[in-house]
Every structure is written in structure tokens, then in C-alpha cells.
file coords_37.txt (compact mmCIF, C-alpha atoms)
# COMPACT_ATOMS: atom_id res chain seq x y z
CA MET A 132 81.35 114.15 143.27
CA THR A 133 77.84 112.94 144.10
CA GLY A 134 76.38 115.80 142.07
CA MET A 135 78.40 114.83 138.99
CA GLU A 136 77.30 111.20 139.20
CA GLU A 137 73.66 112.15 139.45
CA TYR A 138 73.90 114.38 136.39
CA GLN A 139 75.51 111.65 134.33
CA ASN A 140 72.98 109.01 135.40
CA GLY A 141 70.13 111.33 134.49
CA SER A 142 71.31 111.91 130.92
CA GLU A 143 72.40 108.35 130.10
CA GLY A 144 68.96 106.88 129.45
CA ALA A 145 67.38 110.04 128.09
CA PHE A 146 67.16 111.03 124.47
CA ASN A 147 70.03 113.19 123.16
CA SER A 148 68.34 115.90 121.20
CA GLU A 149 71.46 117.90 120.29
CA GLU A 150 73.10 114.96 118.60
CA THR A 151 69.90 114.20 116.72
CA ASP A 152 69.63 117.83 115.62
CA GLY A 153 73.05 117.56 113.96
CA ILE A 154 72.20 114.28 112.25
CA VAL A 155 68.93 115.64 110.88
CA LYS A 156 70.48 118.87 109.56
CA GLU A 157 73.11 116.87 107.73
CA CYS A 158 70.49 114.60 106.15
CA ILE A 159 68.39 117.55 104.95
CA GLU A 160 71.40 119.27 103.43
CA ASN A 161 72.55 116.14 101.69
CA VAL A 162 69.18 115.83 99.99
CA VAL A 163 68.00 119.36 99.14
CA ALA A 164 70.78 121.89 99.69
CA GLY A 165 71.18 123.95 96.53
CA ASP A 166 67.91 122.80 94.93
CA ASP A 167 64.88 124.96 94.14
CA TYR A 168 61.38 123.75 94.99
CA SER A 169 60.21 121.39 92.28
CA GLN A 170 56.83 119.70 92.33
CA GLY A 171 58.17 116.74 90.39
CA GLN A 172 60.98 116.10 92.88
CA VAL A 173 59.49 116.98 96.23
CA ASN A 174 57.96 113.54 96.70
CA LYS A 175 61.39 111.96 96.30
CA TRP A 176 63.01 114.51 98.61
CA THR A 177 60.68 114.00 101.56
CA ALA A 178 61.02 110.23 101.25
CA SER A 179 64.83 110.47 101.05
CA ILE A 180 65.08 112.78 104.03
CA VAL A 181 63.01 110.55 106.32
CA GLU A 182 64.80 107.39 105.18
CA ARG A 183 68.25 108.88 105.67
CA CYS A 184 67.45 110.27 109.11
CA LEU A 185 65.97 106.95 110.20
CA THR A 186 68.98 104.99 108.93
CA GLN A 187 71.44 107.27 110.74
CA LEU A 188 69.45 107.11 113.96
CA VAL A 189 69.09 103.33 113.92
CA LYS A 190 72.85 103.02 113.28
CA GLN A 191 73.44 104.53 116.72
CA GLY A 192 72.21 101.24 118.12
CA LYS A 193 70.27 102.77 121.01
CA PRO A 194 67.21 100.98 122.48
CA TYR A 195 64.63 103.25 120.83
CA LYS A 196 61.76 103.05 118.37
CA TYR A 197 61.83 106.08 116.04
CA ILE A 198 59.31 108.11 114.09
CA VAL A 199 60.63 110.69 111.63
CA THR A 200 58.31 113.12 109.85
CA CYS A 201 59.20 115.68 107.19
CA ALA A 202 57.21 118.50 105.59
CA VAL A 203 58.51 120.48 102.61
CA MET A 204 56.64 123.62 101.61
CA GLN A 205 57.12 125.97 98.69
CA LYS A 206 57.72 129.60 99.67
CA THR A 207 54.83 131.64 98.34
CA GLY A 208 53.85 133.62 101.42
CA ALA A 209 51.34 131.06 102.70
CA GLY A 210 51.19 130.54 106.45
CA LEU A 211 52.15 127.15 107.87
CA HIS A 212 51.81 125.99 111.45
CA THR A 213 52.73 122.64 112.96
CA ALA A 214 52.17 121.25 116.44
CA ASN A 215 53.01 117.94 118.17
CA SER A 216 51.74 116.40 121.33
CA CYS A 217 53.02 113.21 122.93
CA TYR A 218 51.69 110.81 125.50
CA TRP A 219 54.75 108.89 126.71
CA ASP A 220 57.36 108.46 129.40
CA THR A 221 58.87 111.93 129.81
CA ALA A 222 62.02 110.62 131.51
CA MET A 223 63.10 108.28 128.70
CA ASP A 224 61.40 109.48 125.51
CA GLY A 225 62.10 112.63 123.58
CA SER A 226 61.77 114.55 120.35
CA CYS A 227 63.69 116.98 118.22
CA THR A 228 62.41 119.34 115.51
CA VAL A 229 64.63 120.97 112.89
CA ARG A 230 63.51 123.88 110.69
CA TRP A 231 65.51 124.48 107.53
CA GLU A 232 65.00 126.80 104.58
CA ASN A 233 66.53 128.04 101.40
CA ARG A 234 65.39 130.62 98.87
CA THR A 235 62.43 128.63 97.54
CA MET A 236 61.27 126.24 100.25
CA TYR A 237 60.88 125.42 103.93
CA CYS A 238 61.63 122.01 105.39
CA VAL A 239 60.50 120.92 108.87
CA VAL A 240 61.71 117.57 110.18
CA SER A 241 60.65 116.06 113.51
CA VAL A 242 62.17 113.02 115.19
CA PHE A 243 60.34 111.20 117.99
CA ALA A 244 62.24 108.59 120.00
CA VAL A 245 60.34 106.19 122.23
CA ALA A 246 62.36 104.01 124.59
CA ILE A 247 61.95 100.28 124.38
CA ALA A 248 61.27 98.92 127.86
CA MET B 189 39.17 103.02 112.62
CA ASP B 190 38.69 104.52 116.09
CA ASP B 191 41.75 106.68 115.53
CA TYR B 192 40.53 108.04 112.20
CA GLN B 193 37.19 109.12 113.65
CA THR B 194 38.79 110.59 116.74
CA GLU B 195 41.15 112.68 114.64
CA GLU B 196 38.48 113.85 112.22
CA GLU B 197 36.13 114.81 115.05
CA SER B 198 38.87 116.73 116.84
CA ILE B 199 39.76 118.71 113.72
CA GLU B 200 36.10 119.46 112.95
CA ALA B 201 35.46 120.55 116.53
CA VAL B 202 38.40 122.99 116.60
CA ILE B 203 38.49 124.57 113.14
CA GLY B 204 35.38 123.43 111.23
CA GLY B 205 33.69 126.51 109.77
CA ASN B 206 36.60 128.90 110.40
CA ALA B 207 38.68 130.77 107.82
CA TYR B 208 42.49 130.80 108.04
CA GLN B 209 43.62 133.46 110.50
CA HIS B 210 47.27 134.01 111.26
CA SER B 211 46.57 135.12 114.81
CA ARG B 212 44.54 132.03 115.69
CA VAL B 213 46.28 129.22 113.87
CA ASN B 214 48.83 128.67 116.64
CA HIS B 215 45.99 128.08 119.07
CA TRP B 216 44.21 125.79 116.59
CA THR B 217 47.15 123.45 116.01
CA THR B 218 47.73 123.02 119.72
CA SER B 219 44.02 122.48 120.34
CA VAL B 220 43.74 119.82 117.64
CA VAL B 221 46.68 117.81 119.00
CA GLU B 222 45.58 118.17 122.59
CA GLN B 223 42.02 117.09 121.88
CA CYS B 224 43.15 114.12 119.78
CA LEU B 225 45.57 113.05 122.48
CA SER B 226 43.06 113.27 125.30
CA GLN B 227 40.43 111.31 123.32
CA LEU B 228 43.02 108.65 122.50
CA SER B 229 44.28 108.30 126.05
CA LYS B 230 40.65 107.96 127.19
CA LEU B 231 40.46 104.78 125.10
CA GLY B 232 42.60 103.23 127.83
CA LYS B 233 44.75 101.08 125.53
CA PRO B 234 48.37 100.15 126.41
CA PHE B 235 49.93 102.57 123.91
CA LYS B 236 52.21 105.60 123.86
CA TYR B 237 50.92 108.18 121.37
CA ILE B 238 52.44 110.89 119.21
CA VAL B 239 50.06 113.30 117.48
CA THR B 240 51.20 115.85 114.90
CA CYS B 241 49.15 118.52 113.15
CA ILE B 242 49.96 120.81 110.21
CA ILE B 243 47.72 123.68 109.15
CA MET B 244 48.48 125.48 105.91
CA GLN B 245 46.80 128.45 104.30
CA LYS B 246 45.50 127.84 100.78
CA ASN B 247 47.31 130.10 98.39
CA GLY B 248 48.61 127.74 95.78
CA ALA B 249 51.82 126.73 97.57
CA GLY B 250 52.87 123.11 97.28
CA LEU B 251 53.20 121.04 100.45
CA GLN B 252 54.54 117.50 100.72
CA THR B 253 54.87 115.50 103.94
CA ALA B 254 56.43 112.10 104.60
CA SER B 255 57.14 109.96 107.63
CA ALA B 256 59.22 106.86 108.33
CA CYS B 257 59.02 104.67 111.40
CA PHE B 258 61.33 102.17 113.04
CA TRP B 259 59.13 100.07 115.30
CA ASP B 260 57.41 96.73 115.79
CA ASN B 261 55.17 96.13 112.76
CA ASN B 262 53.00 93.69 114.65
CA THR B 263 51.96 95.98 117.47
CA ASP B 264 52.56 99.59 116.36
CA GLY B 265 50.74 101.68 113.78
CA SER B 266 49.80 105.09 112.47
CA CYS B 267 46.87 106.95 110.97
CA ALA B 268 46.84 110.19 108.97
CA VAL B 269 43.83 112.40 108.28
CA ARG B 270 43.71 115.10 105.60
CA TRP B 271 41.04 117.76 106.09
CA GLU B 272 40.33 121.00 104.24
CA ASN B 273 37.92 123.84 103.94
CA LYS B 274 37.83 126.88 101.64
CA SER B 275 40.83 128.64 103.16
CA MET B 276 43.11 126.03 104.69
CA TYR B 277 44.41 122.47 104.75
CA CYS B 278 44.91 120.46 107.91
CA ILE B 279 46.90 117.24 108.12
CA ALA B 280 46.84 115.32 111.42
CA SER B 281 48.83 112.14 112.09
CA VAL B 282 48.68 109.77 115.03
CA PHE B 283 51.43 107.25 115.78
CA GLY B 284 50.68 104.56 118.38
CA LEU B 285 53.48 102.50 119.95
CA ALA B 286 52.64 99.51 122.09
CA ILE B 287 54.03 99.50 125.59

call {"tool": "encode", "arguments": {"input": "coords_37.txt", "output": "C-alpha cells"}}
result
Amino acid sequence: MTGMEEYQNGSEGAFNSEETDGIVKECIENVVAGDDYSQGQVNKWTASIVERCLTQLVKQGKPYKYIVTCAVMQKTGAGLHTANSCYWDTAMDGSCTVRWENRTMYCVVSVFAVAIA
Amino acid sequence: MDDYQTEEESIEAVIGGNAYQHSRVNHWTTSVVEQCLSQLSKLGKPFKYIVTCIIMQKNGAGLQTASACFWDNNTDGSCAVRWENKSMYCIASVFGLAI
């Protein structure tokens, strides 16, 4: 019984990255699923994706500040590498990165959640 | 202003003068973010930091990035630096959140 309580207390304050993963995937698909890379539209897409993700996350009403970043890249064989590093409270703060692709483009979305004291 | 210089210096120090190499780029991205972060934390300000870095090979592909933040506009902020050489682009962003 004690073990169960400890486990629950540990995960209550921490960031839930699985739930966020689901929210982000849904937002990406709502914006770009079925589209081909288009230079004229990509600006709108990245803005929509970050706004939607942020809105859904804030709706959860948790005591966090959020940063959502999105990169969309055309598939032409170019190499792309991304890295993140964070200086924060490892017990309370967390991040989640989702990689998505279709035939013509890659989309990488990262969510960073920083607990409000 | 401090942030912008810190980021630019870190990028220059890690990849300035190098050509894109698939085998090394993983190491470069992690080095850039680590160097930026350690320089920023040395500033000793009451902030939590998030540093992101993207390196892309130049071959004509299109790349678009965006970010949105839900924070305190009075105390928090961000800074993005775009750097390039003949063979690659590097975009580094720093987000600072007041404690």
C-alpha cells in the first residue's frame, strides 16, 4: 500500500508526456494530414500547429508555463538534426517531442512545460 | 542582447568553418545547446532556460520553424539566432522563464 501511494505522489506534480504526445499528434494531423509540402502554405501550417497545441495544453488547466516549437521540412534528402537542452527543475518540469511525416515533409514538434512555483 | 551574443559565439565555436557531415552533426547539435546553456547559467540570473538547435544541410529543401509560448510577458522572453555557412543552416533558440 505504501509503495502505491509513493508512486502516485511522484507522478501527480510531474509533467505527463504521454498525454501531451497524443494531443500534439492530433494537432499536427488536423493541420497537415493529407497535404503535400507547399512553400506558400508552410508558414500558416507551422503557426497553426503551435497555436493549436498551446490552446489544447492550456485548456488542461495545469499550473505550467508552456513553450511549443514546430519545424516543418520538405523531403529532398537533406539531413536535419535537432537538439534541446534544459536548465530547470527536473522533478516538476518536462518535455515531449513528436516526429511526424508524410510523403513530402517532416514535422517535428516539441513541447516544454515549466512548473509555476 | 547578452543571449544573442552567447548563442552566436557558441554556434561559431562549435561549427564555424566546418562543412556539413552526417556523422558529426549529432555531436554538433548537442555541443551547441550544451555550450549555450552553460554560458547562460554562468550569468547567474534567476531563470530556467530551454535551448533548442536545428542544423540542416543546404540542398534546396524548404524549412520553416515556429514557436508559441504561454508564459508571463513581463518576466519571460526568447531569442532566436539564424546562422549559416556554405553547406548548412543552424537555428538556435533560447527561452528564458523567470523563477

call {"tool": "closest_atom_pairs", "arguments": {"input": "coords_37.txt", "of": "chain B", "to": "region 183-199 of chain A", "cutoff": "6 Å", "atoms": "only C-alpha atoms", "output": "Markdown table"}}
result
| residue | atom | partner | partner_atom | distance |
| --- | --- | --- | --- | --- |
| B:Ser255 | CA | A:Val199 | CA | 5.4 |
| B:Ala256 | CA | A:Val199 | CA | 5.2 |
| B:Cys257 | CA | A:Ile198 | CA | 4.4 |
| B:Phe258 | CA | A:Tyr197 | CA | 5.0 |
| B:Trp259 | CA | A:Lys196 | CA | 5.0 |

call {"tool": "closest_residue", "arguments": {"input": "coords_37.txt", "among": "B:Glu200, B:Asp264, B:Glu195, B:Glu222", "to": "chain A", "atoms": "all atoms listed in the file"}}
result
B:Glu222

call {"tool": "residues_around", "arguments": {"input": "coords_37.txt", "residues": "Glu197 (chain B)", "least_positions_apart": "6", "cutoff": "12 Å", "atoms": "only C-alpha atoms", "output": "JSON, numbers by chain"}}
result
{"B": [190, 191, 203, 204, 220, 221, 223, 224, 227, 228, 269, 271, 280]}

call {"tool": "residues_around", "arguments": {"input": "coords_37.txt", "residues": "Cys267 (chain B)", "least_positions_apart": "3", "cutoff": "8 Å", "atoms": "only C-alpha atoms", "output": "PyMOL selection string"}}
result
chain B and resi 191-192+281-283

call {"tool": "interface_residues", "arguments": {"input": "coords_37.txt", "of": "chain A", "to": "chain B", "cutoff": "10 Å", "atoms": "all atoms listed in the file", "output": "PDB file with C-alpha atoms, keeping the file's coordinate frame"}}
result
ATOM      1  CA  TYR A 168      61.380 123.750  94.990  1.00  0.00           C
ATOM      2  CA  SER A 169      60.210 121.390  92.280  1.00  0.00           C
ATOM      3  CA  GLN A 170      56.830 119.700  92.330  1.00  0.00           C
ATOM      4  CA  VAL A 173      59.490 116.980  96.230  1.00  0.00           C
ATOM      5  CA  ASN A 174      57.960 113.540  96.700  1.00  0.00           C
ATOM      6  CA  LYS A 175      61.390 111.960  96.300  1.00  0.00           C
ATOM      7  CA  TRP A 176      63.010 114.510  98.610  1.00  0.00           C
ATOM      8  CA  THR A 177      60.680 114.000 101.560  1.00  0.00           C
ATOM      9  CA  ALA A 178      61.020 110.230 101.250  1.00  0.00           C
ATOM     10  CA  SER A 179      64.830 110.470 101.050  1.00  0.00           C
ATOM     11  CA  ILE A 180      65.080 112.780 104.030  1.00  0.00           C
ATOM     12  CA  VAL A 181      63.010 110.550 106.320  1.00  0.00           C
ATOM     13  CA  GLU A 182      64.800 107.390 105.180  1.00  0.00           C
ATOM     14  CA  ARG A 183      68.250 108.880 105.670  1.00  0.00           C
ATOM     15  CA  CYS A 184      67.450 110.270 109.110  1.00  0.00           C
ATOM     16  CA  LEU A 185      65.970 106.950 110.200  1.00  0.00           C
ATOM     17  CA  THR A 186      68.980 104.990 108.930  1.00  0.00           C
ATOM     18  CA  LEU A 188      69.450 107.110 113.960  1.00  0.00           C
ATOM     19  CA  VAL A 189      69.090 103.330 113.920  1.00  0.00           C
ATOM     20  CA  TYR A 195      64.630 103.250 120.830  1.00  0.00           C
ATOM     21  CA  LYS A 196      61.760 103.050 118.370  1.00  0.00           C
ATOM     22  CA  TYR A 197      61.830 106.080 116.040  1.00  0.00           C
ATOM     23  CA  ILE A 198      59.310 108.110 114.090  1.00  0.00           C
ATOM     24  CA  VAL A 199      60.630 110.690 111.630  1.00  0.00           C
ATOM     25  CA  THR A 200      58.310 113.120 109.850  1.00  0.00           C
ATOM     26  CA  CYS A 201      59.200 115.680 107.190  1.00  0.00           C
ATOM     27  CA  ALA A 202      57.210 118.500 105.590  1.00  0.00           C
ATOM     28  CA  VAL A 203      58.510 120.480 102.610  1.00  0.00           C
ATOM     29  CA  MET A 204      56.640 123.620 101.610  1.00  0.00           C
ATOM     30  CA  GLN A 205      57.120 125.970  98.690  1.00  0.00           C
ATOM     31  CA  LYS A 206      57.720 129.600  99.670  1.00  0.00           C
ATOM     32  CA  THR A 207      54.830 131.640  98.340  1.00  0.00           C
ATOM     33  CA  GLY A 208      53.850 133.620 101.420  1.00  0.00           C
ATOM     34  CA  ALA A 209      51.340 131.060 102.700  1.00  0.00           C
ATOM     35  CA  GLY A 210      51.190 130.540 106.450  1.00  0.00           C
ATOM     36  CA  LEU A 211      52.150 127.150 107.870  1.00  0.00           C
ATOM     37  CA  HIS A 212      51.810 125.990 111.450  1.00  0.00           C
ATOM     38  CA  THR A 213      52.730 122.640 112.960  1.00  0.00           C
ATOM     39  CA  ALA A 214      52.170 121.250 116.440  1.00  0.00           C
ATOM     40  CA  ASN A 215      53.010 117.940 118.170  1.00  0.00           C
ATOM     41  CA  SER A 216      51.740 116.400 121.330  1.00  0.00           C
ATOM     42  CA  CYS A 217      53.020 113.210 122.930  1.00  0.00           C
ATOM     43  CA  TYR A 218      51.690 110.810 125.500  1.00  0.00           C
ATOM     44  CA  TRP A 219      54.750 108.890 126.710  1.00  0.00           C
ATOM     45  CA  ASP A 220      57.360 108.460 129.400  1.00  0.00           C
ATOM     46  CA  MET A 236      61.270 126.240 100.250  1.00  0.00           C
ATOM     47  CA  TYR A 237      60.880 125.420 103.930  1.00  0.00           C
ATOM     48  CA  CYS A 238      61.630 122.010 105.390  1.00  0.00           C
ATOM     49  CA  VAL A 239      60.500 120.920 108.870  1.00  0.00           C
ATOM     50  CA  VAL A 240      61.710 117.570 110.180  1.00  0.00           C
ATOM     51  CA  SER A 241      60.650 116.060 113.510  1.00  0.00           C
ATOM     52  CA  VAL A 242      62.170 113.020 115.190  1.00  0.00           C
ATOM     53  CA  PHE A 243      60.340 111.200 117.990  1.00  0.00           C
ATOM     54  CA  ALA A 244      62.240 108.590 120.000  1.00  0.00           C
ATOM     55  CA  VAL A 245      60.340 106.190 122.230  1.00  0.00           C
ATOM     56  CA  ALA A 246      62.360 104.010 124.590  1.00  0.00           C
ATOM     57  CA  ILE A 247      61.950 100.280 124.380  1.00  0.00           C
ATOM     58  CA  ALA A 248      61.270  98.920 127.860  1.00  0.00           C
TER      59      ALA A 248
END

call {"tool": "atom_distance", "arguments": {"input": "coords_37.txt", "atom1": "CA of Gly153 (chain A)", "atom2": "CA of Asp224 (chain A)"}}
result
18.3 Å

call {"tool": "atom_distance", "arguments": {"input": "coords_37.txt", "atom1": "CA of Thr228 (chain A)", "atom2": "CA of Thr194 (chain B)"}}
result
25.2 Å

call {"tool": "atom_distance", "arguments": {"input": "coords_37.txt", "atom1": "CA of Thr235 (chain A)", "atom2": "CA of Gly165 (chain A)"}}
result
10.0 Å

call {"tool": "closest_residue", "arguments": {"input": "coords_37.txt", "among": "A:Glu150, A:Ala164, A:Ala222, A:Gln172", "to": "Arg234 (chain A)", "atoms": "all atoms listed in the file"}}
result
A:Ala164

call {"tool": "decode", "arguments": {"input": "coords_37.txt", "residues": "region 201-238 of chain B", "atoms": "N, CA and C atoms", "output": "short mmCIF file (atom, residue, chain, number, x, y, z; two decimals), in the first residue's frame"}}
result
data_model
loop_
_atom_site.label_atom_id
_atom_site.label_comp_id
_atom_site.auth_asym_id
_atom_site.auth_seq_id
_atom_site.Cartn_x
_atom_site.Cartn_y
_atom_site.Cartn_z
N ALA B 201 31.80 28.74 -32.30
CA ALA B 201 32.84 27.93 -31.66
C ALA B 201 32.72 26.46 -32.03
N VAL B 202 31.48 25.96 -32.17
CA VAL B 202 31.30 24.53 -32.44
C VAL B 202 31.42 24.20 -33.92
N ILE B 203 30.73 24.95 -34.79
CA ILE B 203 30.69 24.53 -36.19
C ILE B 203 31.27 25.52 -37.20
N GLY B 204 31.70 26.70 -36.74
CA GLY B 204 32.26 27.68 -37.66
C GLY B 204 33.38 27.03 -38.48
N GLY B 205 33.35 27.20 -39.81
CA GLY B 205 34.44 26.67 -40.61
C GLY B 205 34.30 25.20 -40.99
N ASN B 206 33.26 24.51 -40.52
CA ASN B 206 33.09 23.10 -40.89
C ASN B 206 32.05 22.93 -41.99
N ALA B 207 32.20 21.87 -42.78
CA ALA B 207 31.18 21.55 -43.78
C ALA B 207 30.24 20.50 -43.20
N TYR B 208 28.97 20.48 -43.70
CA TYR B 208 28.00 19.53 -43.16
C TYR B 208 28.52 18.10 -43.28
N GLN B 209 28.48 17.38 -42.17
CA GLN B 209 28.91 15.97 -42.19
C GLN B 209 27.91 15.16 -41.38
N HIS B 210 27.29 14.21 -42.01
CA HIS B 210 26.24 13.42 -41.37
C HIS B 210 26.72 12.78 -40.07
N SER B 211 27.98 12.33 -40.08
CA SER B 211 28.47 11.60 -38.92
C SER B 211 28.74 12.52 -37.73
N ARG B 212 28.92 13.83 -38.00
CA ARG B 212 29.29 14.71 -36.89
C ARG B 212 28.16 15.60 -36.40
N VAL B 213 27.11 15.71 -37.21
CA VAL B 213 26.09 16.71 -36.90
C VAL B 213 25.38 16.44 -35.58
N ASN B 214 25.23 15.17 -35.21
CA ASN B 214 24.61 14.83 -33.94
C ASN B 214 25.42 15.45 -32.79
N HIS B 215 26.73 15.28 -32.88
CA HIS B 215 27.63 15.82 -31.88
C HIS B 215 27.57 17.35 -31.85
N TRP B 216 27.47 17.96 -33.04
CA TRP B 216 27.42 19.42 -33.12
C TRP B 216 26.19 20.00 -32.45
N THR B 217 25.02 19.42 -32.74
CA THR B 217 23.80 19.99 -32.15
C THR B 217 23.88 19.90 -30.63
N THR B 218 24.31 18.76 -30.11
CA THR B 218 24.37 18.66 -28.65
C THR B 218 25.43 19.61 -28.09
N SER B 219 26.53 19.79 -28.78
CA SER B 219 27.55 20.73 -28.29
C SER B 219 27.04 22.16 -28.26
N VAL B 220 26.35 22.56 -29.32
CA VAL B 220 25.84 23.93 -29.37
C VAL B 220 24.90 24.18 -28.20
N VAL B 221 23.93 23.26 -27.97
CA VAL B 221 22.99 23.52 -26.87
C VAL B 221 23.67 23.47 -25.53
N GLU B 222 24.60 22.55 -25.36
CA GLU B 222 25.28 22.47 -24.07
C GLU B 222 26.12 23.71 -23.79
N GLN B 223 26.85 24.18 -24.79
CA GLN B 223 27.66 25.37 -24.58
C GLN B 223 26.81 26.59 -24.28
N CYS B 224 25.73 26.76 -25.06
CA CYS B 224 24.83 27.90 -24.82
C CYS B 224 24.32 27.85 -23.39
N LEU B 225 23.83 26.67 -23.00
CA LEU B 225 23.24 26.52 -21.68
C LEU B 225 24.24 26.81 -20.58
N SER B 226 25.47 26.33 -20.72
CA SER B 226 26.42 26.57 -19.63
C SER B 226 26.82 28.04 -19.58
N GLN B 227 26.93 28.72 -20.74
CA GLN B 227 27.24 30.15 -20.72
C GLN B 227 26.09 30.93 -20.07
N LEU B 228 24.86 30.53 -20.38
CA LEU B 228 23.71 31.24 -19.82
C LEU B 228 23.60 31.03 -18.32
N SER B 229 23.81 29.79 -17.88
CA SER B 229 23.67 29.57 -16.43
C SER B 229 24.79 30.27 -15.68
N LYS B 230 25.94 30.48 -16.33
CA LYS B 230 27.03 31.23 -15.70
C LYS B 230 26.64 32.68 -15.43
N LEU B 231 25.68 33.21 -16.21
CA LEU B 231 25.25 34.59 -16.00
C LEU B 231 24.63 34.77 -14.62
N GLY B 232 24.19 33.66 -14.02
CA GLY B 232 23.72 33.71 -12.63
C GLY B 232 22.39 34.40 -12.42
N LYS B 233 21.56 34.49 -13.49
CA LYS B 233 20.27 35.17 -13.33
C LYS B 233 19.21 34.17 -12.87
N PRO B 234 18.13 34.66 -12.23
CA PRO B 234 17.10 33.75 -11.69
C PRO B 234 16.16 33.26 -12.79
N PHE B 235 16.67 32.48 -13.74
CA PHE B 235 15.87 31.99 -14.85
C PHE B 235 16.04 30.50 -15.04
N LYS B 236 14.97 29.85 -15.54
CA LYS B 236 15.09 28.49 -16.09
C LYS B 236 15.30 28.71 -17.59
N TYR B 237 16.10 27.87 -18.23
CA TYR B 237 16.38 28.05 -19.65
C TYR B 237 16.02 26.82 -20.46
N ILE B 238 15.57 27.05 -21.70
CA ILE B 238 15.41 25.96 -22.66
C ILE B 238 16.14 26.40 -23.92
#
